[in-house]
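Notes for the one structure printed next.
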Amino acid sequence: MKKTIALLLAVVMCLSVFAACGKTNTTDNAQTETNNTEATTPADTTGNEGTTEPDTTPDAQPEEKPVASDPNRPLVIGYSSFSSKFSPFFAESAYDQDAAAMTQLGLLTSDRTGAMILNGIEGETIAYNGTDYTYNGPADCVITENADGTVYYDFTLADGLKFSDGEDLTIDDVIFSMYVLCDPTYDGASTLYAQPILGMKEYRSGMDTRANVILAAGPDGYTETDLYTEEQYNAFWNYYNTQAGIDFAQEIVDYVIANYGAAYGVSDVTGAAGLWGFELEDGADAEAFWNAIVEAYEGDIDTAVATETAGSDLVSLTIAALGEEYVAGVQTGESAANIAGIQKTGENSLRVILTELDATAIYQLSLSITPLHYYGDKASYDYDNNCFGFAKGDLSSVRAKTTQPLGAGPYKFVKFENGVVYYEANEYYFKGCPLTKYVQFQECTADEDKLNGVITGNIDISDPSFSNDSIAAIEKANGGELNGSVVTVNTVDNLGYGYIGISASRVNVGEKDSDASKNLRKAIATVISVYRNLGVESYYGDRAAIINYPISNTSWAAPQSTDDGYKVAFSVDVNGNDIYTSAMGAEEKYAAALEAALGYFEAAGYTVENGKVTAAPEGAKLEYECWIPADGIGDHPSFMVITEAAAALESIGFKLVVKDLSNSADLWDGLDADTVDMWCAAWGATVDPDMYQIYHSTNVVGLPGSTGSNHYNIQDEELDEIILAARASTDQAYRKLMYKAALDIVIDWAVEIPVYQRQNAIIFSSERVNLSTITPDITTFYGWMSEIENTVMQ
């Protein structure tokens, strides 16, 4: 449960603003108005003056659009719970993000592979799966790499764009949106401000939020300053120290009840805390829950909050309770009046200057174009005088609209009431007014409600977990078929993959980067890898595939079996020879893997006698532990993989202890503390395959300034250089070669065993949705909502 939240937040943090996710893309199915004019008689070219032949060419007719039998019937989509943060700037959960995206228009769009469309105004036609699709967007972008290392991104907007309230959309709205995302007090998901934009540091320096300044001052007592009053200081620390922790616990309770209460019969603090992994007495309140959390972490509140969070930390909860004055910017030093690298170059054009190339910049720049007149103040906008629609450091006007989004997307937000988000078609949408007038996003209290809702007719589209139980229920409703008269299923690969990790700092022979250490890890990985097919097929059936490199198969950078140098993971012995042949059966492969593992163990310095490992070299062990968050009952895709491998390794004298965790939070605590030898988990990925956060040496757990996300403890100078070189290019072919080299290094270190690529499912009501109007060729990067303007009910 806790990992689900962390993954959702991580996904949001990896994206710029919602337009970059490919949900505002357009295709050749965009509807256009066609004039139905009277036919003109052609001039006589036969020499028969005064006579003409009758025109038999039929009049041009407008393209016929599908029509719903009931134009006022809403399209109902089943969703998990919302948090009402429907802001293109501040939405946190994936569900709030989707709710906001319905109302927004991205500066750029992407195609079905996630590649950005730079010629949106005229459109680009790109083949996918044997079909040509044309993608249009509201802008063009020209990227220029200069000899001095700077990079220009020149944007031009299409003419005639409007927001859903009829107001014109201009380049000033784009500039306003950028300045909100780059404000020193901005604390939403976008990291546009982290891009190497000329003048960004100078603009953001010399200012911080009042809350951050008070935090920096510490809780030991007020010292006179112009940055905050004594009353503000005392109010902040009083709330932080007494009430914020209770709010923190209550947020967990609210989340658990909203998402799992109905399924587990939970409606109070004690029950919610139990599902979260804490035992409380009957009738306990949120304060008791908070005290239990603090006690579990032996008073380490920072670690407790970072691990147990349901979305908010103590600072954000304190600010939420005390008001906007604590997120207001205060001047702490000198600060530039503008961002030198954001330049208005014409009435409809803009240039963004980067001081160096960063391949991820294009995704950050694909932001939602938000209306200055709604989120800001047009009277406060004067580009030439460094006024950008709000006072620097004061985003109160933007925050005030967090629950009421407005933009230029396909739909207008109407209201959020009784768990339903209501939308109405945007008549000014640049691709034409959507064919379905009303859409509703309806909360489902439990995952099974999504599937049952589609089967029973209360919901038209949803995304239940694609489990064996779900498939059985769908097939039953359809009379034995997965796709039938009641439910139609569309599956796409998940943007992420399952893996088994090995800590190089814990599983080694002395130095973690030595050949002996790598051989030790390869011995273990070789045996685990041979059982991947057995375990994954048992858990997922044909809804997942084995992967051989630590990267999602959805990525353009993922090596393919037809590529030069492609190898099955851990399929060669210590001498570089193939372990398996095509003629081998499963049992023969298991035996061959053990034989190869003995070779690796021996090369690692272990004593091998009579087909068994009998002694470990200094610095290594005969026993290691693998943690797997399988709810204490073996419910995990890699559980059979790791248990079968453990039994095989034990047969040759090496012990791999499988620790089945009932509380998944224990795993993340252990990884952060570097106390876990091996573990089973899954990565969520992003459109761009940048490997810096996960594998760069500077991000190893525990290093100063580290993101703490390199749990493998891999530190390799060559790998670091490759990662940075791939980041510094926009040549996809070159980057793919670099990432293949990087992935080979990760495999050579044997710190990550790639396991599976699973599928996600979107289900449609075959009875109520006109399936021919659903987005064709749905992909991981181009979902069904990408062309929602064309979707029609039966």
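Convention: chains lettered A, B, ... in structure tokens order; per-chain residue numbering from 1; ligands numbered from 1 as shown.
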
List every residue of range 473-599 of chain A that DSSP, applied to the backbone of this structure, places in strand (DSSP E), and write the result as an NGL selection string. :A and (487-493 or 496-502 or 544-546)

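If only C-alpha atoms are the atoms counted, then among A:Phe388, A:Tyr363, A:Tyr240, A:Tyr624 the closest residue to Ala115 in chain A is A:Tyr363.
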
Applying 7 Å and only C-alpha atoms, which residues near range 722-725 of chain A remain after dropping the ones on its own chain fewer than 3 positions away? List them as a PDB file with N, CA and C atoms, in the first residue's frame.
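What ended up in result.pdb:
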```pdb
ATOM      1  N   MET A 691      19.545   7.409 -17.155  1.00  0.00           N
ATOM      2  CA  MET A 691      19.925   6.450 -16.117  1.00  0.00           C
ATOM      3  C   MET A 691      20.629   7.102 -14.931  1.00  0.00           C
ATOM      4  N   TYR A 692      20.693   8.423 -14.915  1.00  0.00           N
ATOM      5  CA  TYR A 692      21.491   9.125 -13.916  1.00  0.00           C
ATOM      6  C   TYR A 692      21.031   8.829 -12.485  1.00  0.00           C
ATOM      7  N   GLU A 718      33.427   4.519 -15.708  1.00  0.00           N
ATOM      8  CA  GLU A 718      33.045   4.379 -17.118  1.00  0.00           C
ATOM      9  C   GLU A 718      31.536   4.505 -17.285  1.00  0.00           C
ATOM     10  N   LEU A 719      30.800   3.879 -16.387  1.00  0.00           N
ATOM     11  CA  LEU A 719      29.343   3.978 -16.436  1.00  0.00           C
ATOM     12  C   LEU A 719      28.897   5.420 -16.249  1.00  0.00           C
ATOM     13  N   ALA A 728      23.879  14.218 -22.836  1.00  0.00           N
ATOM     14  CA  ALA A 728      24.319  15.418 -23.535  1.00  0.00           C
ATOM     15  C   ALA A 728      24.130  15.317 -25.051  1.00  0.00           C
ATOM     16  N   SER A 729      23.230  14.465 -25.490  1.00  0.00           N
ATOM     17  CA  SER A 729      22.959  14.324 -26.922  1.00  0.00           C
ATOM     18  C   SER A 729      21.468  14.158 -27.155  1.00  0.00           C
ATOM     19  N   MET A 738      24.810   4.198 -26.514  1.00  0.00           N
ATOM     20  CA  MET A 738      25.407   4.503 -25.217  1.00  0.00           C
ATOM     21  C   MET A 738      24.677   3.776 -24.091  1.00  0.00           C
ATOM     22  N   ALA A 742      25.909   1.059 -21.331  1.00  0.00           N
ATOM     23  CA  ALA A 742      25.675   1.246 -19.898  1.00  0.00           C
ATOM     24  C   ALA A 742      24.988   0.033 -19.300  1.00  0.00           C
TER      25      ALA A 742
END
```

Please list as number ranges by chain every residue within 12 Å of Met102 in chain A, counting only C-alpha atoms and excluding residues in the same chain fewer than 2 positions away. A: 18-19, 22-25, 86-88, 95-100, 104-106, 164, 368, 405-414, 421-426, 429, 434, 438-441, 785-789

Can you tell me which residues surround range 644-649 of chain A at a distance of at most 6 Å, considering only C-alpha atoms, apart from same-chain residues fewer than 4 positions away, and format the answer as a short mmCIF file (atom, residue, chain, number, x, y, z; two decimals) with C-alpha atoms, in the first residue's frame?
```cif
data_model
loop_
_atom_site.label_atom_id
_atom_site.label_comp_id
_atom_site.auth_asym_id
_atom_site.auth_seq_id
_atom_site.Cartn_x
_atom_site.Cartn_y
_atom_site.Cartn_z
CA VAL A 527 20.87 -19.54 -10.91
CA ILE A 528 18.11 -17.02 -10.26
CA MET A 640 8.63 -18.59 -7.09
CA PHE A 654 25.17 -22.11 -0.79
CA LEU A 656 19.96 -17.95 0.08
#
```

Neighbours of range 208-211 of chain A within 10 Å (only C-alpha atoms; same-chain residues fewer than 4 positions away dropped), as a compact mmCIF listing (two decimals) with N, CA, C and O atoms, in the first residue's frame?
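Contents of the output file out_30.txt:
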```
# COMPACT_ATOMS: atom_id res chain seq x y z
N ASP A 183 9.29 29.82 -10.28
CA ASP A 183 9.29 30.73 -9.13
C ASP A 183 10.06 30.11 -7.97
O ASP A 183 9.98 28.90 -7.75
N PRO A 184 10.79 30.91 -7.20
CA PRO A 184 11.55 30.37 -6.06
C PRO A 184 10.67 29.67 -5.02
O PRO A 184 11.18 28.84 -4.26
N THR A 185 9.38 29.98 -4.99
CA THR A 185 8.49 29.35 -4.01
C THR A 185 7.68 28.21 -4.59
O THR A 185 6.88 27.59 -3.88
N TYR A 186 7.88 27.89 -5.86
CA TYR A 186 7.12 26.80 -6.47
C TYR A 186 7.54 25.47 -5.86
O TYR A 186 8.73 25.16 -5.77
N ASP A 187 6.56 24.67 -5.44
CA ASP A 187 6.85 23.38 -4.81
C ASP A 187 6.02 22.25 -5.39
O ASP A 187 5.71 21.26 -4.71
N ARG A 204 16.33 32.60 -9.22
CA ARG A 204 15.80 31.89 -8.06
C ARG A 204 16.60 32.15 -6.78
O ARG A 204 16.13 31.83 -5.69
N LEU A 215 12.29 27.24 9.15
CA LEU A 215 12.90 25.92 9.37
C LEU A 215 14.41 26.04 9.53
O LEU A 215 15.01 25.40 10.41
N ALA A 216 15.03 26.84 8.67
CA ALA A 216 16.48 27.02 8.74
C ALA A 216 16.90 27.66 10.05
O ALA A 216 17.97 27.38 10.59
N ALA A 217 16.03 28.54 10.60
CA ALA A 217 16.35 29.21 11.87
C ALA A 217 16.31 28.23 13.03
O ALA A 217 17.00 28.43 14.04
N LEU A 227 12.23 38.97 8.16
CA LEU A 227 11.70 37.93 7.28
C LEU A 227 10.43 37.30 7.81
O LEU A 227 9.65 36.73 7.05
N TYR A 228 10.21 37.36 9.11
CA TYR A 228 8.99 36.83 9.72
C TYR A 228 8.86 37.45 11.11
O TYR A 228 9.84 37.90 11.72
N GLN A 232 4.57 34.65 13.85
CA GLN A 232 4.64 33.65 12.78
C GLN A 232 5.59 32.52 13.15
O GLN A 232 5.31 31.35 12.91
N TYR A 233 6.72 32.88 13.73
CA TYR A 233 7.71 31.88 14.13
C TYR A 233 7.12 30.92 15.17
O TYR A 233 7.21 29.68 15.03
N PHE A 236 4.32 28.62 13.83
CA PHE A 236 4.85 27.53 13.00
C PHE A 236 5.37 26.39 13.85
O PHE A 236 4.97 25.23 13.68
N VAL A 315 6.06 19.51 7.39
CA VAL A 315 6.14 20.91 6.97
C VAL A 315 4.93 21.29 6.14
O VAL A 315 4.28 22.31 6.37
N SER A 316 4.62 20.47 5.13
CA SER A 316 3.49 20.79 4.25
C SER A 316 2.17 20.78 5.03
O SER A 316 1.27 21.58 4.76
N THR A 318 1.87 21.55 8.21
CA THR A 318 1.89 22.77 9.02
C THR A 318 1.50 23.97 8.18
O THR A 318 0.67 24.80 8.59
N ILE A 319 2.06 24.05 6.99
CA ILE A 319 1.74 25.15 6.08
C ILE A 319 0.27 25.13 5.70
O ILE A 319 -0.41 26.16 5.67
N GLU A 324 -1.39 30.62 3.61
CA GLU A 324 -0.53 30.99 2.50
C GLU A 324 0.68 31.84 2.90
O GLU A 324 1.67 31.88 2.18
N GLU A 325 0.60 32.55 4.01
CA GLU A 325 1.71 33.44 4.37
C GLU A 325 3.01 32.67 4.56
O GLU A 325 4.10 33.23 4.44
N TYR A 326 2.92 31.36 4.81
CA TYR A 326 4.13 30.58 5.04
C TYR A 326 4.75 30.05 3.74
O TYR A 326 5.89 29.61 3.75
N VAL A 327 4.01 30.08 2.65
CA VAL A 327 4.59 29.70 1.36
C VAL A 327 4.94 30.92 0.53
O VAL A 327 5.43 30.81 -0.59
N ALA A 328 4.70 32.11 1.06
CA ALA A 328 5.07 33.35 0.37
C ALA A 328 6.58 33.50 0.38
O ALA A 328 7.27 33.09 1.33
N GLY A 329 7.12 34.07 -0.68
CA GLY A 329 8.55 34.27 -0.78
C GLY A 329 9.01 35.48 0.02
O GLY A 329 8.31 36.50 0.07
N VAL A 330 10.16 35.37 0.64
CA VAL A 330 10.77 36.49 1.34
C VAL A 330 12.17 36.70 0.78
O VAL A 330 12.87 35.73 0.45
N GLN A 331 12.56 37.95 0.65
CA GLN A 331 13.84 38.30 0.05
C GLN A 331 14.96 38.06 1.05
O GLN A 331 14.98 38.62 2.13
N THR A 332 15.88 37.17 0.67
CA THR A 332 17.01 36.86 1.55
C THR A 332 18.33 37.35 1.00
O THR A 332 19.36 37.22 1.67
N GLY A 333 18.32 37.90 -0.21
CA GLY A 333 19.55 38.39 -0.83
C GLY A 333 19.26 38.95 -2.21
O GLY A 333 18.11 39.20 -2.56
N GLY A 393 7.45 35.30 -5.98
CA GLY A 393 7.38 34.77 -4.63
C GLY A 393 5.98 34.68 -4.06
O GLY A 393 5.80 34.24 -2.93
N ASP A 394 4.99 35.06 -4.85
CA ASP A 394 3.60 35.01 -4.37
C ASP A 394 2.74 34.26 -5.38
O ASP A 394 2.26 34.83 -6.36
```

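Proximity ranking of A:Ile369, A:Met116, A:Ile293, A:Leu322 relative to Val180 in chain A places A:Ile369 first, based on only C-alpha atoms.
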